[in-house]
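The structure under discussion appears below in the form of structure tokens.
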Amino acid sequence: MRMMHYPAFAGGLLAMALLAMAAEPRTWELNDGHVWEQVGLPTTTPTTRPTTAPTAEDYQTIDSVEQLIENKQYGAADKLDVYWLLNHKVSPLRERALYLLGQANMRGGNRMEAFYNFDELLDKFPESKYFYPALQRQYEIADDYLHGYKRYFLGLPLLDASDEAVEMLFRIQQRSPGSALAEKALLRTGDYYYEDSQFDLAGDVYGVYIKSYPRSPHVPRVRLRQAFANYAQFRGTKFDASPIIDARKQLEMIIIDYPELAKAENLAPVIARIDVTFAQKLLVTAEFYRRTHEPQAAVYYYRFLIKTFPDAPQAQEARETLKDMPASALKIPEPPAALGYAPTTQSATRPATIPSRPEVH
């Protein structure tokens with residue numbers, strides 16, 4: 001039995017992951033009739049607990065449901081629990097019954113239905129002792145789906161549910177902002193995107209995590225993954241170099257802040273490879289302007305390459321090419337030294353960009 005209808009996933013995964021870590025809802029209240037002050041709103045609307053006293057038979061029924069679950073008779077437990085819930089709309093035992101129904105469905109393999117059961121418990125009984133256990137079960141359900149567990153269709157596990165799982169993690173963060181489980185859910189979201197090669201989303205979620213939990217012991221690993229996520233977004237020397245520039249700056253800061261981690265991950269050669277790639281990118285850019293008959297722009301990039309990576313093979317090629325450039329183009333001013341990008345740690349504290357194309361006269 002489905003106790004509530006869970007909205008289908010409708011896109012906007014990254015926006016949801018980022019909004020989950022935003023401030024709690026706020027409202028304004030007139031204090032002493034003079035000053036307006038912001039006050040927090042509860043993330044879940046509290047409800048009045050039912051006062052109808054359960055009978056001995058009610059206790060016996062719910063105990064029987066729990067016993068059936070322990071005996072792995074999940075189908076029987078589900079039927080008995082659903083029948084009781086349908087006939088007891090108001091009862092102090094209803095929160096326990098919902099939790100057990102979720103347990104029966106989860107252990108019986110129907111994780112999506114279990115999520116609905118736990119969701120109803122969280123919505124209607126936010127002060128219940130089962131609130132955080134139910135939230136933990138929801139996290140486990142989402143994690144299972146992200147690990148490849150399939151949704152059932154026509155009685156068979158056929159449908160991928162990773163999108164729904166990301167939304168589940170978002171809802172967990174909404175229900176318990178600032179909690180250890182909310183932190184865990186946000187980190188799991190970033191790791192899923194990273195492992196699924198959705199590096200743009202992974203980098204953004206990791207950035208939110210670092211900002212939201214700056215003292216977490218996971219921050220060094222998260223910063224490292226964020227840097228590699230940026231590195232992985234670089235598509236080649238004919239495309240925008242911003243991802244590798246960002247990655248280099250982040251890796252340099254990791255070397256400064258976490259030298260042992262940098263040594264263990266052997267980050268120095270990674271930065272060296274980025275420098276080689278960036279030098280090649282500058283050479284490709286200069287060659288493009290030379291081929292398109294814009295010699296002043298070409299000279300500008302050749303010189304920038306030489307100043308930034310004087311010992312690189314590409315710099316030697318640039319020096320040879322400059323000998324054949326028109327004298328008028330060679331009269332343009334020299335570019336600033338490295339312009340914020342240099343193969344030293346000093347670039348980590350300065351903006352790193354490829355220079356804009358100079359004015360061509």
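Naming works like this for the structure tokens: A, B, ... for the chains as they're shown, residue 1 at the start of each chain, ligands 1 onward in shown order.
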Find the residues near stretch 312-322 of chain A: any atom within 12 Å, counting only C-alpha atoms, skip ones fewer than 5 places away on the same chain, and give them as a PyMOL selection string.
-> chain A and resi 272-273+275-287+290+295-307+327-331+343
Report the residues of stretch 25-233 of chain A whose backbone DSSP state falls under strand (DSSP E or B), written as a PyMOL selection string.
-> chain A and resi 26-31+35-40+151-153+156-159
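Separating atom CA of A:Thr308 from atom CA of A:Phe228 is a distance of 22.9 Å.
With only C-alpha atoms as the basis for measurement, A:Asn230 is the residue among A:His218, A:Lys263, A:Asn230, A:Arg171 that approaches A:Tyr194 most closely.
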Which neighbours of stretch 55-61 of chain A fall inside 9 Å, counting only C-alpha atoms, when residues of the same chain fewer than 2 positions from it are skipped, and could you give them as a PyMOL selection string?
-> chain A and resi 53+63-66+80-81+84+93
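Proximity to A:Ser216 was assessed for A:Ala264, A:Val270, A:Ala180, A:Ile254 counting only C-alpha atoms; the smallest distance is recorded for A:Ala180.
Residues in contact with stretch 74-77 of chain A at 6 Å, where only C-alpha atoms are counted and same-chain residues fewer than 6 positions away are skipped, are listed as Val65, Leu68, Ala104 and Gly108 of chain A.
One finds atom CA of A:Glu252 at 20.6 Å from atom CA of A:Val205.
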Determine which residues of stretch 46-175 of chain A receive a DSSP assignment of alpha helix (DSSP H), computed from the backbone, and state them as a PyMOL selection string.
-> chain A and resi 56-70+74-86+94-107+111-124+131-146+162-175
Show which residues sit within 12 Å of A:Lys211, as a ChimeraX atom specification. Count only C-alpha atoms, and ignore same-chain residues fewer than 2 positions away.
-> /A:18,21-22,183,186,204-209,213-216,219,222-223
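Picture a line from atom CA of A:Leu101 to atom CA of A:Lys150; it runs 20.3 Å.
If you measure from each of A:Tyr83, A:Phe309, A:Phe118, A:Tyr130 to A:Met106 using only C-alpha atoms, the closest one turns out to be A:Phe118.
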